[in-house]
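Asker: This is the content of entry-v7.cif (mmCIF, C-alpha atoms and all ligand atoms):
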data_target
#
loop_
_atom_site.label_atom_id
_atom_site.label_comp_id
_atom_site.auth_asym_id
_atom_site.auth_seq_id
_atom_site.Cartn_x
_atom_site.Cartn_y
_atom_site.Cartn_z
CA MET A 1 154.81 -49.32 37.03
CA ASP A 2 153.29 -52.78 36.98
CA THR A 3 153.94 -55.22 39.77
CA GLU A 4 156.04 -57.55 37.64
CA LYS A 5 158.43 -54.73 36.72
CA ARG A 6 158.61 -53.65 40.35
CA ALA A 7 159.30 -57.22 41.49
CA GLU A 8 162.11 -57.45 38.94
CA GLU A 9 163.61 -54.18 40.19
CA PHE A 10 163.21 -55.37 43.77
CA GLN A 11 165.14 -58.58 43.03
CA GLN A 12 167.88 -56.54 41.33
CA ARG A 13 168.23 -54.48 44.53
CA ILE A 14 168.45 -57.68 46.61
CA ASP A 15 171.03 -59.20 44.24
CA ALA A 16 173.06 -55.98 44.44
CA GLY A 17 173.16 -56.40 48.25
CA GLU A 18 171.02 -53.32 48.95
CA LYS A 19 169.05 -53.04 52.19
CA ILE A 20 165.28 -52.86 51.88
CA GLU A 21 163.82 -50.16 54.15
CA PRO A 22 160.25 -49.89 55.54
CA LYS A 23 159.11 -47.25 53.04
CA ASP A 24 160.53 -49.10 50.00
CA TRP A 25 158.31 -51.08 47.65
CA MET A 26 158.42 -54.79 48.48
CA PRO A 27 156.48 -57.86 47.28
CA GLU A 28 153.57 -58.58 49.69
CA ARG A 29 155.00 -62.07 50.15
CA TYR A 30 158.37 -60.61 51.28
CA ARG A 31 156.53 -58.49 53.86
CA LYS A 32 154.47 -61.49 55.06
CA GLN A 33 157.54 -63.73 55.34
CA LEU A 34 159.40 -61.12 57.36
CA ILE A 35 156.44 -60.56 59.69
CA ARG A 36 156.19 -64.32 60.24
CA MET A 37 159.91 -64.83 60.89
CA MET A 38 160.57 -61.66 62.92
CA SER A 39 157.47 -61.97 65.11
CA GLN A 40 158.25 -65.63 65.85
CA HIS A 41 161.83 -64.66 66.63
CA ALA A 42 160.56 -62.00 69.07
CA HIS A 43 158.12 -64.49 70.66
CA SER A 44 161.09 -66.87 71.13
CA GLU A 45 163.09 -64.24 72.99
CA VAL A 46 160.20 -63.48 75.36
CA VAL A 47 159.16 -67.10 75.99
CA GLY A 48 162.88 -67.90 76.33
CA MET A 49 162.89 -65.95 79.59
CA LEU A 50 160.67 -68.57 81.26
CA PRO A 51 162.96 -71.63 81.42
CA GLU A 52 165.85 -69.50 82.69
CA GLY A 53 163.63 -67.40 84.98
CA ASN A 54 162.72 -70.67 86.70
CA TRP A 55 166.21 -70.68 88.31
CA ILE A 56 166.61 -67.02 89.36
CA GLU A 57 165.39 -67.72 92.90
CA ARG A 58 167.43 -70.92 93.13
CA ALA A 59 170.76 -69.81 91.65
CA PRO A 60 173.64 -71.27 93.72
CA SER A 61 175.10 -67.88 94.72
CA LEU A 62 174.29 -64.18 94.70
CA LYS A 63 176.77 -63.71 91.84
CA ARG A 64 175.11 -66.43 89.73
CA LYS A 65 171.71 -64.90 90.54
CA LEU A 66 172.87 -61.49 89.30
CA VAL A 67 174.31 -63.04 86.12
CA LEU A 68 171.07 -64.88 85.41
CA LEU A 69 168.90 -61.82 86.17
CA ALA A 70 170.93 -59.75 83.72
CA LYS A 71 170.68 -62.41 81.01
CA VAL A 72 166.90 -62.77 81.36
CA GLN A 73 166.54 -59.00 81.16
CA ASP A 74 168.67 -59.00 78.00
CA GLU A 75 166.30 -61.53 76.41
CA ALA A 76 163.29 -59.32 77.21
CA GLY A 77 165.09 -56.45 75.49
CA HIS A 78 165.83 -58.61 72.44
CA GLY A 79 162.16 -59.45 72.15
CA LEU A 80 161.07 -55.80 72.33
CA TYR A 81 163.79 -54.84 69.85
CA ILE A 82 162.64 -57.36 67.28
CA TYR A 83 158.93 -56.57 67.83
CA SER A 84 159.77 -52.90 67.11
CA ALA A 85 161.62 -53.90 63.95
CA ALA A 86 158.63 -56.03 62.89
CA GLU A 87 156.19 -53.16 63.53
CA THR A 88 157.91 -51.25 60.68
CA LEU A 89 156.19 -53.77 58.37
CA GLY A 90 152.76 -52.49 59.36
CA ILE A 91 151.68 -54.93 62.05
CA SER A 92 150.94 -53.89 65.64
CA ARG A 93 152.65 -55.35 68.71
CA LYS A 94 149.24 -56.37 70.05
CA GLU A 95 148.44 -58.33 66.89
CA MET A 96 151.80 -60.14 66.93
CA VAL A 97 151.70 -61.03 70.63
CA GLU A 98 148.11 -62.27 70.43
CA GLN A 99 149.01 -64.42 67.42
CA TYR A 100 151.00 -66.76 69.65
CA ILE A 101 149.22 -66.32 72.99
CA TYR A 102 145.76 -66.95 71.54
CA GLY A 103 146.67 -68.30 68.10
CA ASP A 104 149.06 -70.81 66.60
CA ALA A 105 152.04 -68.59 65.79
CA LYS A 106 155.27 -70.38 66.68
CA TYR A 107 158.22 -69.66 68.91
CA SER A 108 161.44 -71.63 69.09
CA SER A 109 160.91 -75.28 70.03
CA ILE A 110 163.86 -75.15 72.40
CA PHE A 111 161.87 -73.31 75.05
CA ASN A 112 159.40 -76.14 75.41
CA TYR A 113 161.92 -78.22 77.37
CA PRO A 114 162.09 -78.05 81.19
CA THR A 115 165.12 -76.75 83.10
CA LEU A 116 165.58 -79.57 85.61
CA THR A 117 168.90 -78.62 87.24
CA TYR A 118 171.05 -75.51 87.49
CA ALA A 119 173.43 -77.14 84.97
CA ASP A 120 170.66 -76.55 82.42
CA ILE A 121 171.19 -72.79 82.84
CA CYS A 122 174.85 -73.31 81.92
CA ALA A 123 173.99 -75.59 78.99
CA ILE A 124 171.37 -73.12 77.70
CA GLY A 125 173.93 -70.30 77.70
CA TRP A 126 176.50 -72.45 75.89
CA LEU A 127 174.31 -74.46 73.49
CA VAL A 128 171.06 -72.51 73.01
CA ASP A 129 172.63 -69.04 72.87
CA GLY A 130 175.48 -70.60 70.93
CA ALA A 131 173.02 -71.89 68.31
CA ALA A 132 171.15 -68.58 68.32
CA ILE A 133 174.37 -66.63 67.71
CA VAL A 134 175.23 -68.79 64.68
CA ASN A 135 171.80 -68.01 63.25
CA GLN A 136 171.71 -64.35 64.28
CA THR A 137 175.14 -63.40 62.94
CA MET A 138 173.76 -64.53 59.58
CA LEU A 139 170.56 -62.50 60.10
CA ALA A 140 172.67 -59.41 60.86
CA ARG A 141 173.35 -59.43 57.07
CA SER A 142 169.70 -59.98 56.13
CA SER A 143 168.23 -57.86 53.32
CA TYR A 144 165.61 -56.15 55.50
CA GLY A 145 167.29 -53.10 57.10
CA PRO A 146 165.51 -52.93 60.47
CA TYR A 147 165.92 -56.70 61.07
CA SER A 148 169.61 -56.76 60.17
CA ARG A 149 170.31 -53.68 62.33
CA SER A 150 168.38 -55.11 65.29
CA MET A 151 170.64 -58.16 65.10
CA VAL A 152 173.87 -56.15 65.48
CA ARG A 153 173.21 -55.22 69.11
CA ILE A 154 171.52 -58.54 69.89
CA CYS A 155 174.52 -60.48 68.55
CA LYS A 156 176.88 -58.61 70.87
CA GLU A 157 174.79 -59.59 73.90
CA GLU A 158 174.11 -63.12 72.64
CA SER A 159 177.80 -63.89 72.11
CA PHE A 160 178.44 -62.69 75.66
CA HIS A 161 175.67 -65.05 76.89
CA LYS A 162 177.27 -67.94 75.03
CA LYS A 163 180.75 -67.27 76.44
CA GLN A 164 179.26 -66.91 79.92
CA GLY A 165 177.37 -70.20 79.57
CA TYR A 166 180.50 -71.97 78.33
CA GLU A 167 182.53 -70.66 81.28
CA MET A 168 179.85 -71.85 83.68
CA ILE A 169 179.55 -75.36 82.22
CA ALA A 170 183.36 -75.65 82.01
CA ARG A 171 183.52 -74.97 85.76
CA MET A 172 180.96 -77.68 86.41
CA ALA A 173 182.69 -80.10 84.02
CA ASN A 174 185.86 -79.56 86.03
CA GLY A 175 184.12 -79.46 89.39
CA THR A 176 183.14 -82.19 91.86
CA GLU A 177 182.04 -85.57 90.56
CA GLU A 178 178.43 -84.57 91.25
CA GLN A 179 178.84 -81.37 89.21
CA GLN A 180 180.48 -83.26 86.35
CA LYS A 181 177.52 -85.67 86.26
CA MET A 182 175.03 -82.78 86.31
CA ALA A 183 176.85 -81.04 83.45
CA GLN A 184 176.95 -84.20 81.31
CA ASP A 185 173.28 -84.99 82.07
CA SER A 186 172.35 -81.49 80.96
CA VAL A 187 174.28 -81.73 77.68
CA ASN A 188 172.60 -85.10 77.05
CA ARG A 189 169.16 -83.44 77.36
CA TRP A 190 169.88 -80.18 75.51
CA TRP A 191 172.10 -81.30 72.62
CA TRP A 192 169.47 -82.55 70.16
CA PRO A 193 166.87 -79.83 70.99
CA SER A 194 169.62 -77.25 70.30
CA LEU A 195 170.21 -78.75 66.83
CA MET A 196 166.45 -78.55 66.22
CA MET A 197 166.63 -74.75 66.64
CA PHE A 198 167.99 -74.53 63.09
CA GLY A 199 164.75 -75.94 61.69
CA PRO A 200 164.00 -78.93 59.48
CA HIS A 201 166.33 -80.25 56.77
CA ASP A 202 166.52 -77.90 53.80
CA SER A 203 164.58 -80.49 51.80
CA ASP A 204 161.71 -80.22 54.34
CA SER A 205 161.85 -76.44 54.67
CA PRO A 206 158.94 -74.80 52.79
CA ASN A 207 160.18 -71.27 53.49
CA SER A 208 163.92 -71.50 52.87
CA ALA A 209 164.05 -71.22 49.07
CA GLU A 210 162.13 -67.93 49.05
CA LEU A 211 164.03 -66.56 52.04
CA ILE A 212 167.36 -67.36 50.40
CA LYS A 213 166.23 -65.79 47.09
CA TRP A 214 165.38 -62.59 48.96
CA GLN A 215 168.52 -62.87 51.14
CA VAL A 216 166.50 -62.82 54.32
CA LYS A 217 168.40 -66.02 55.09
CA LEU A 218 171.94 -66.10 53.69
CA LYS A 219 172.60 -69.69 54.75
CA THR A 220 170.31 -72.70 54.83
CA ASN A 221 169.12 -74.51 57.97
CA ASP A 222 171.50 -77.42 57.35
CA GLU A 223 174.51 -75.18 56.66
CA LEU A 224 174.01 -73.29 59.92
CA ARG A 225 173.44 -76.52 61.86
CA GLN A 226 176.67 -77.98 60.48
CA HIS A 227 178.59 -74.83 61.43
CA PHE A 228 177.21 -75.06 64.97
CA VAL A 229 178.12 -78.76 65.30
CA ASP A 230 181.67 -78.21 63.98
CA ARG A 231 182.43 -75.51 66.53
CA THR A 232 180.57 -76.99 69.50
CA VAL A 233 182.06 -80.50 69.28
CA MET A 234 185.52 -78.98 69.73
CA GLU A 235 184.31 -76.87 72.67
CA ALA A 236 182.84 -79.97 74.35
CA LYS A 237 186.09 -81.89 73.87
CA ALA A 238 188.07 -79.01 75.38
CA ILE A 239 186.20 -79.36 78.69
CA GLY A 240 185.82 -83.13 78.76
CA LEU A 241 182.10 -83.32 78.01
CA GLU A 242 180.62 -85.99 75.70
CA ILE A 243 178.28 -85.13 72.82
CA PRO A 244 175.41 -87.69 73.09
CA ASP A 245 175.63 -88.86 69.47
CA PRO A 246 177.20 -92.28 68.68
CA ASP A 247 177.29 -91.34 64.98
CA LEU A 248 179.45 -88.27 65.55
CA LYS A 249 182.62 -88.68 63.45
CA TYR A 250 185.13 -86.30 61.93
CA ASN A 251 185.06 -86.50 58.14
CA GLU A 252 188.58 -85.93 56.83
CA GLU A 253 187.24 -85.43 53.31
CA THR A 254 184.74 -82.67 54.05
CA GLY A 255 186.53 -81.22 57.09
CA HIS A 256 183.22 -81.32 58.98
CA TRP A 257 181.82 -83.47 61.79
CA ASP A 258 179.26 -85.99 60.50
CA PHE A 259 176.44 -86.47 63.01
CA GLY A 260 173.37 -88.62 63.51
CA GLU A 261 169.82 -87.98 62.35
CA LEU A 262 167.78 -85.67 64.58
CA PRO A 263 164.62 -87.04 66.26
CA TRP A 264 162.36 -85.38 63.68
CA ASP A 265 159.11 -86.84 65.07
CA GLU A 266 159.90 -85.09 68.35
CA PHE A 267 160.73 -81.87 66.46
CA TRP A 268 157.42 -81.75 64.55
CA ASN A 269 155.52 -82.82 67.65
CA VAL A 270 157.00 -79.99 69.73
CA ILE A 271 156.36 -77.34 67.09
CA LYS A 272 152.79 -78.60 66.79
CA GLY A 273 152.39 -77.61 70.46
CA ASN A 274 152.78 -81.04 72.09
CA GLY A 275 156.15 -80.52 73.77
CA ILE A 276 156.62 -81.15 77.53
CA MET A 277 156.25 -77.47 78.42
CA ASN A 278 154.25 -75.95 75.52
CA LYS A 279 150.98 -75.65 77.43
CA GLU A 280 152.73 -74.37 80.57
CA ARG A 281 154.61 -71.71 78.60
CA ILE A 282 151.49 -70.38 76.88
CA LYS A 283 149.50 -70.47 80.14
CA THR A 284 152.22 -68.40 81.89
CA ARG A 285 152.46 -65.92 79.01
CA LYS A 286 148.67 -65.61 78.79
CA LYS A 287 148.42 -64.82 82.53
CA ALA A 288 151.19 -62.22 82.33
CA TYR A 289 149.59 -60.66 79.24
CA GLU A 290 146.12 -60.46 80.80
CA ASP A 291 147.40 -59.28 84.22
CA GLY A 292 149.31 -56.52 82.42
CA ALA A 293 146.32 -55.32 80.35
CA TRP A 294 145.62 -52.43 82.76
CA VAL A 295 149.18 -51.12 82.33
CA ARG A 296 148.82 -51.07 78.54
CA GLU A 297 145.40 -49.37 78.80
CA ALA A 298 146.74 -46.73 81.23
CA ALA A 299 149.79 -46.06 79.05
CA THR A 300 147.65 -45.79 75.89
CA GLU A 301 145.18 -43.43 77.66
CA CYS A 302 148.06 -41.30 78.95
CA ALA A 303 149.55 -41.05 75.47
CA ARG A 304 146.11 -40.15 74.02
CA LYS A 305 145.54 -37.39 76.61
CA LYS A 306 149.07 -36.04 76.08
CA LYS A 307 148.50 -35.90 72.31
CA LEU A 308 145.13 -34.20 72.85
CA GLY A 309 146.81 -31.61 75.12
CA GLU A 310 149.51 -30.95 72.55
CA GLU A 311 146.94 -30.54 69.78
CA LYS A 312 144.91 -28.07 71.94
CA ALA A 313 148.10 -26.11 72.80
CA SER A 314 149.16 -25.82 69.14
N1 LIG A 401 161.00 -73.99 66.52
C1 LIG A 401 159.73 -73.66 66.16
N2 LIG A 401 159.31 -73.63 64.86
C2 LIG A 401 160.23 -73.94 63.92
C3 LIG A 401 161.56 -74.27 64.22
C4 LIG A 401 161.93 -74.29 65.60
N3 LIG A 401 163.15 -74.61 65.98
N4 LIG A 401 162.22 -74.52 63.06
C5 LIG A 401 161.32 -74.36 62.07
N5 LIG A 401 160.13 -74.02 62.60
C6 LIG A 401 158.89 -73.82 61.85
C7 LIG A 401 158.96 -72.60 60.96
O1 LIG A 401 158.53 -71.44 61.66
C8 LIG A 401 157.98 -73.01 59.86
O2 LIG A 401 156.65 -72.87 60.34
P1 LIG A 401 155.72 -71.64 59.88
O3 LIG A 401 155.82 -71.60 58.36
O4 LIG A 401 154.37 -71.99 60.39
O5 LIG A 401 156.31 -70.41 60.53
C9 LIG A 401 158.18 -74.52 59.74
O6 LIG A 401 158.73 -74.94 60.99
C10 LIG A 401 159.09 -74.92 58.59
O7 LIG A 401 160.38 -74.44 58.85
P2 LIG A 401 161.19 -73.58 57.76
O8 LIG A 401 162.60 -74.01 57.79
O9 LIG A 401 160.48 -73.60 56.44
O10 LIG A 401 161.02 -72.14 58.40
P3 LIG A 401 162.06 -70.94 58.31
O11 LIG A 401 162.61 -70.83 56.92
O12 LIG A 401 161.37 -69.80 58.91
O13 LIG A 401 163.30 -71.40 59.24
C11 LIG A 401 164.10 -70.74 61.41
C12 LIG A 401 163.10 -71.62 60.62
C13 LIG A 401 165.52 -71.26 61.14
C14 LIG A 401 163.78 -70.80 62.89
C15 LIG A 401 163.96 -69.31 60.87
O14 LIG A 401 162.62 -68.92 61.00
C16 LIG A 401 164.83 -68.29 61.61
O15 LIG A 401 166.02 -68.22 61.39
N6 LIG A 401 164.17 -67.46 62.44
C17 LIG A 401 164.84 -66.34 63.09
C18 LIG A 401 165.68 -66.82 64.23
C19 LIG A 401 164.85 -67.31 65.37
O16 LIG A 401 163.67 -67.29 65.40
N7 LIG A 401 165.54 -67.81 66.37
C20 LIG A 401 164.91 -68.26 67.58
C21 LIG A 401 165.97 -68.86 68.45
S1 LIG A 401 165.68 -68.52 70.11
C22 LIG A 401 166.59 -67.13 70.43
O17 LIG A 401 167.23 -66.58 69.56
C23 LIG A 401 166.60 -66.66 71.83
C24 LIG A 401 168.04 -66.58 72.34
O18 LIG A 401 168.02 -65.78 73.47
C25 LIG A 401 168.57 -67.92 72.67
#
With the file now loaded, output its structure as structure tokens.

Answerer:
Amino acid sequence: MDTEKRAEEFQQRIDAGEKIEPKDWMPERYRKQLIRMMSQHAHSEVVGMLPEGNWIERAPSLKRKLVLLAKVQDEAGHGLYIYSAAETLGISRKEMVEQYIYGDAKYSSIFNYPTLTYADICAIGWLVDGAAIVNQTMLARSSYGPYSRSMVRICKEESFHKKQGYEMIARMANGTEEQQKMAQDSVNRWWWPSLMMFGPHDSDSPNSAELIKWQVKLKTNDELRQHFVDRTVMEAKAIGLEIPDPDLKYNEETGHWDFGELPWDEFWNVIKGNGIMNKERIKTRKKAYEDGAWVREAATECARKKKLGEEKAS
């Protein structure tokens, strides 16, 4: 059957809300888009361990240390989960990982900001995981089967992270004067970078139209960002924290919160690799990847020998 006919049939399956599975026919462009998006999502989860990992040794109590350790481990698991889902598209883990460590593949801009105080760990849980959960609950309905299914488990853990972060920052916002200041300072530094997680405006998003057509994305960048702002403004108010946006105003007509323009120069600068921590993050990941090469080689050799043994025995 010619490609055009297949592409037509493929679109009919998407429009009928069917899941596309690894062995199904799919346009090459659909495959490429998914590899790009899923691998960058997985990179984000793994690099995302670094800013939080920075505070494991300095958490204010054993309990907070345990909570943070568990969260960082969850993020590692999310990364491996999504890499495995991406491998079903015919790309190896090695290729994906080396695309960002040695190449220019992206990971979420948010992780190129430094975690300066422990309040940042609370703000990350509340705002960054909060933004991620808005995006990922949408992706749990994405047309590609393995991606949507990987999101189901990740969303459960991510929403727990968000609630945990909100509880922690609420405690600080209602704590000593010093803690209140730390919490507000952290929200001031993490608010706009959290909004950037949803990507550029729809009008500046070269990938969105295609991803919406193929129901990889079911909502646009701006729709998800608005949903995040609407819910988070109310959460901030509930614990007496200010959102650092003088243009924030409830719009009776639309029922949404209008907000100011994001610092787009900063956004494009960070995703071009010029953020405060970009170089540091890649340097750390590169060292871990190269120091761990012997483990990968040993595991691969073990698997090869085991397979050889099984073939001889059969
Ligand atoms: N950080 C880095 N790059 C970004 C970005 C961001 N916040 N927003 C957009 N970009 C990049 C895109 O990757 C694209 O570049 P590319 O074509 O070279 O890949 C370019 O900017 C234009 O953006 P588009 O809107 O056209 O790109 P997309 O349609 O892919 O939308 C996205 C961007 C909303 C991030 C989308 O890719 C997406 O939903 N990805 C899956 C979710 C994801 O990656 N989340 C990471 C959050 S971190 C996380 O979940 C960890 C948790 O533990 C907190």

Asker: Would you kindly return, as JSON, numbers by chain, each protein, DNA or RNA residue with an atom no farther than 8 Å from any atom of region 235-246 of chain A, considering only C-alpha atoms and excluding same-chain residues fewer than 4 positions away?

Answerer: {"A": [170, 173, 174, 183, 184, 187, 188, 191, 231, 259, 260]}

Asker: Within 7 Å of ligand LIG 401 (chain A) (counting all atoms listed in the file), which residues show up? I'd like them as a VMD selection string.

Answerer: chain A and resid 36 to 38 40 to 41 44 to 45 48 75 105 to 110 128 to 129 132 135 to 136 158 196 to 200 202 205 to 208 211 221 271

Asker: Residues near Gly77 (chain A), anyone? I mean within 10 Å using all atoms listed in the file, not counting same-chain ones fewer than 6 positions away, as a PyMOL selection string.

Answerer: chain A and resi 42+45-46+71+83+154

Asker: Do a neighbour search on Gly130 (chain A) at 8 Å with all atoms listed in the file, toss out local chain neighbours closer than 5 positions, and write the hits as a ChimeraX atom specification.

Answerer: /A:125,158-159,162,228

Asker: From the set A:Ile169, A:Val97, A:Ile56, A:Ala299, which residue has the shortest atom-to-atom contact distance to Leu80 (chain A), counting only C-alpha atoms?

Answerer: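 Answer, going by the shortest atom-to-atom distance: A:Val97.
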
Asker: Compare A:Pro51, A:Gly145, A:Pro60, A:Pro114 by their minimum atom-to-atom distance to Leu89 (chain A), counting all atoms listed in the file, and give me the closest one.

Answerer: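 Checking each of A:Pro51, A:Gly145, A:Pro60, A:Pro114 against Leu89 (chain A), counting all atoms listed in the file, the winner is A:Gly145.
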
Asker: Can you tell me, as lines of an AutoDock Vina configuration file, the centre and edge lengths (Å, one decimal) of the axis-aligned box enclosing all of region 29-45 of chain A's listed atoms after padding each side by 5 Å?

Answerer:
center_x = 158.8
center_y = -62.7
center_z = 61.6
size_x = 18.6
size_y = 18.4
size_z = 32.8

Asker: My list of candidates is A:Glu87, A:Met168, A:Ile82, A:Lys219. Which is closest to Val67 (chain A) when distances are computed with all atoms listed in the file?

Answerer: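 Of all the options, A:Met168 lies closest to Val67 (chain A).
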
Asker: If I take CA of Asn112 (chain A) and CA of Ser148 (chain A), how far is one from the other in Å, to one decimal?

Answerer: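 CA of Asn112 (chain A) sits 26.7 Å away from CA of Ser148 (chain A).
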
Asker: So, with all atoms listed in the file as the atoms that count, which of A:Met96, A:Glu310, A:Ile133, A:Val216 lies closest to Val152 (chain A)?

Answerer: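 Using all atoms listed in the file, the shortest distance to Val152 (chain A) belongs to A:Ile133.
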
Asker: Residues of region 45-150 of chain A that approach region 279-289 of chain A to 8 Å or less, counting only C-alpha atoms: could you list each one with the shortest pair of atoms and its distance in Å to one decimal, rows by chain and increasing residue number, as a Markdown table?

Answerer:
| residue | atom | partner | partner_atom | distance |
| --- | --- | --- | --- | --- |
| A:Val47 | CA | A:Arg281 | CA | 7.0 |
| A:Leu50 | CA | A:Arg281 | CA | 7.3 |
| A:Ile101 | CA | A:Lys286 | CA | 5.9 |
| A:Tyr102 | CA | A:Lys286 | CA | 7.9 |
| A:Asn112 | CA | A:Arg281 | CA | 7.3 |
